[in-house]
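Input: a single structure, listed below in structure tokens.
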Amino acid sequence: MKSIKTVTVIGANGTMGRNIAAIFASFGGARVYLISRTTKKSEEAKEKAFMSVRAECIREKMIPRDYSSLESCIFESELIFEACAEKWEVKCDIHLKIAEILRKGRTDGGIRRIVCSGTSGLSITKLSALYDERQRSWFFGMHFFNPPYQMTLCELISTKYANTELFLWLCEYAKSVLGRSVVKVKDSPAFLGNRIGFQFINEAIRMAEKFQYNGGIDYIDAILGPFTGRAMAPLVTANYVGLDVHKAITDNLYENTRDYAHSTFVVPQFVNRLIEKGNLGRKSGAGFYKTVVHDNGMKLHLVYDIQHGYYREIMKYVFPFAEEMVGALRVGDYAVAFQRLTANHSREAEICCELLLKYVVYGLKMVEFVGEGVHSADDAMAAGFNWCPPLAMIEAFGGIEVFEELCKERLESSVLKESGFGNLINHVEKSRYDYRRFIKAER
Amino acid sequence: MNTVYVLGGAQSDFERNWNKEGKNVIALLKEVMEDGLRHVKLTFSDIENLNKENRVACYVGNFIAENYIQQGHLGALLTEVHPAFYGVPSARYEAACASGSVALDAACTKIKSGDYDLTVVVGWELMKTVDGKTCGDILGRAAYYETEGRNVEFPFPKLFGKLAEETIQKYGIDEQRYMDDLAKIAVINYENGRRNPLAQTRKWFMCYEQASHRGTATNGLIGRKLGITDCSQVTDGAAVVFLASEKMVEELGLNKERVPVVKGYGHRNAPMLFHKKMADAAPSRYLLPWTRRAILDAYERAGLGAEDMDVFETHDCFTSSEYAAISAFGITEPGKEFEAVEDGRISFYGDRPVNPSGGLIGCGHPVGASGCRMFLDLYKQVSGNAGSYQVKRADGSIPQNGIMLNIGGTATTNFVFVVGRKLAGA
């Protein structure tokens, strides 16, 4: 149908912009115009971008430009990808500019291009309304995850105005040419992966606040560590992506969605206070966690103590259930590990079990709301977060019967009722993912 | 001699880093064994029952776990995988990167002789426990360490870099053309790896431009003329294969005409030292005459020739070793390997597909596992079980015969198997 030979990436100096440019240039084999505020910034992006896919050969495929070249770049491209700051005003401004260029075209009558926004939270339908009717049908959401070379998830979002045939073509292009794990999702706040992922993370943060007298942040992370099916514990993850980014996504979900987990999207006050102080996480040197390097080179890993409001050394929690799980996982006894989890009735094991069950239920529910097909949440969580995906987690628990019984025993009846649990369970299929690789033998 | 039937087996996901997952060798072996048993529709209690009548034995292929994970006595270690292995005869076989093949060889022999009805062969290696340089040094023990390995950084890339130079010299081929052909070999293997859901590099980006430009920041020279893209990568992994006697196949209710069988094998050792190997090869038309001899032995034992082979799995530890294997297989005359590379004959859709799995470069090379992994891939191809990387013959049917070459050291140990179905047609 079409082929994408040239791409323009706008906002190419950002981490996502340049790494996505590298995906188009490498797997896509496209020439990519990098557009930033200054050509210098685009040049810097070019120098970093090829390293993200470990291939020098794409270097010369990337052409640094600034906004003064926007028009000619758009004319020459089959696809325009916008990766600007996640603010409505910024994105609105850029899309109006693109719309204007396309409307005028080279001659009268205008031209049409595939335009994609990489937004993680704004409404694609609202953005598409910035274009005239003709162009609007060629506007889509294309949501990559960080870092895109390692995280292959690509959520594709169509609108009611979209050209369906072109959308399906774009999905196929992203899948077979760019090598993405494509998930078609509805134009819903934060889409699928982030909605499930940030629900879990924020619920964990809320738990940290609730259990601040037991240690708070590091206490909850010790309960939900890599042995529960993820590379990083949830608050470590929030610290990694940035507390401001976490808050923006979670606030957006709180304000613009209504589901049974609505209250879990409220960001606790202590997080707001950390953000106000500029303690945004790893990128600003401190957040939930902080690493201090002494003069002698010794590194000290500290954690924010919610109760006292200062940083202290991370505690080495020893929970029998976690010790037993890790011990069993080390020798590949997955079933034993999960039996130890569910048979242990310490507060910590119960928190762990409850949050994992809720994660699966919420994931299945979001398939209904935002995804397409029961496997879409699995694709999103495996390829976008590197977490054990919901259907695979059911298998890790020992299968659907065990899972169903556990949910009925451990979850509040309101969750079961409002999620339509019975109906969710009826649609469960065998996961396409192997849970074993996600469940680490690490605390 | 009894016929050796191949029931199938399983491979671990070669993308996984078990050390990073915090899991040890027992976890690796449990997973692959459980997957393998499920594939062949057997259970641990079947193993237990067979063992009561002394009908089952295990064969472990591994190069050098003593150095990577401080573990020896690897045959007996299977008892930690499952109590069903208590009392089951089991030992470890070693021939560097051909360890998997020598384990398979022992397992085949015991079926042929009628000693056992089921033999379980598992090849494995955990290599991500050490840094790259240490890993290279450990692998140096596959050469004559004192002479070729000690105090050499990455000895093997350098030795296979020498092989590249010897190739150019022996056949008087244009260096640039040869190096570009090696890049094409790398690209084919990476492309094939992308189709294989268990390949180490399935998500990696590779293109001809990248592979043909060596000496850059992302494709540094590591073995004389060879760049990183010419090398297979270190990884963790295991592969298990189940071999059976006719009696066993009948008991399982399988159609004897359809279950793949081992049709032939070849095993020849070349001089250990690289320079002696080359001196020994000087009078031959082949760069690696003992490799060629092992392949001819396998063809002769199978009563077949290169023209009967529908699919090939070779030991592309480096692109230069795959290049030399092309003529050794008889795909081309020696010195004419470039024809098969440049005409695309060895690519996935070519008439002589080599490494549809991705090979060592694309699928990954956990050294002790590679022989079993190749053998398993031949089984998958000739039984129509290769899924997304199933090779088809020109008429659309699945392959009838396949051949594999697994080498240890610098093509010092050469091991070859021909696996196929008795009946033509799917």
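By order of appearance in the structure tokens: chains A, B, ..., then residues from 1 within every chain, and ligands from 1 in the order shown.
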(request) Could you tell me, as number ranges by chain, which residues of region 286-426 of chain B DSSP assigns to strand (DSSP E) when given the backbone? (result) B: 311-313, 401-408, 413-420
(message) For a quick test of understanding: name the residues of chain A lying within 10 Å of chain B when counting only C-alpha atoms, and present them as number ranges by chain.
(response) A: 23, 26-27, 29, 50-51, 53-58, 149-152, 178-180, 226-227, 231, 326-334, 434, 436-443
(request) Identify, on the basis of only C-alpha atoms, every residue whose closest approach to Leu296 (chain B) does not exceed 9 Å; exclude the query and any residue fewer than 3 positions from it along the same chain; express the result as a list of chain:residue names. (result) B:Gly266, B:Thr291, B:Arg292, B:Arg293, B:Tyr299, B:Glu300, B:Arg301, B:Gly305, B:Ala328, B:Phe329, B:Gly330
Using only C-alpha atoms, please write the residues we just selected to a file, as a PDB file, in the first residue's frame.
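Saved as out_5.pdb:
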```pdb
ATOM      1  CA  GLY B 266      30.247 -38.447  11.514  1.00  0.00           C
ATOM      2  CA  THR B 291      35.278 -31.352   8.983  1.00  0.00           C
ATOM      3  CA  ARG B 292      34.599 -32.404   5.406  1.00  0.00           C
ATOM      4  CA  ARG B 293      35.494 -35.995   6.286  1.00  0.00           C
ATOM      5  CA  TYR B 299      26.338 -38.927   4.363  1.00  0.00           C
ATOM      6  CA  GLU B 300      27.803 -42.380   3.750  1.00  0.00           C
ATOM      7  CA  ARG B 301      26.253 -43.826   6.893  1.00  0.00           C
ATOM      8  CA  GLY B 305      24.239 -36.926  -0.238  1.00  0.00           C
ATOM      9  CA  ALA B 328      32.234 -28.950   3.693  1.00  0.00           C
ATOM     10  CA  PHE B 329      28.491 -29.722   3.504  1.00  0.00           C
ATOM     11  CA  GLY B 330      28.862 -30.078  -0.263  1.00  0.00           C
TER      12      GLY B 330
END
```
(request) Give the answer as one residue: which of A:Ile306, A:Ala83, A:Leu96, A:Gly28 has the shortest atom-to-atom distance to Gln269 (chain A), using only C-alpha atoms? (result)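 Selected residue with least distance to Gln269 (chain A): A:Ile306.
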(request) Return the single residue from B:Phe274, B:Tyr145, B:Tyr379, B:Phe417 that is closest to Ile398 (chain B), with distances computed using only C-alpha atoms. (result)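 Under the stated criterion, the closest residue is B:Tyr379.
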(message) Report as a ChimeraX atom specification all protein, DNA and RNA residues lying within 8 Å of region 275-292 of chain A, evaluated on only C-alpha atoms, omitting residues in the same chain fewer than 3 positions from it.
(response) /A:217,235-236,238-244,271-272,299-304,311
(request) Within 12 Å of region 337-342 of chain B, counting only C-alpha atoms, which residues show up once you throw out same-chain ones fewer than 6 positions away? Write them as a ChimeraX atom specification, please. (result) /B:167-168,171,173-189,286-287,319-331,348,350-354
(request) Name the residues of region 192-391 of chain B that come out as alpha helix (DSSP H) in a backbone DSSP run; write them as an NGL selection string. (result) :B and (192-195 or 208-212 or 246-251 or 274-281 or 289-302 or 319-328 or 337-342 or 359-362 or 367-383)
(message) Need the shell around region 128-138 of chain A: protein/DNA/RNA residues with any atom at most 7 Å away, counting only C-alpha atoms. Skip same-chain ones fewer than 4 positions apart. Format as a PyMOL selection string?
(response) chain A and resi 95-96+99+112-115+124+161-163
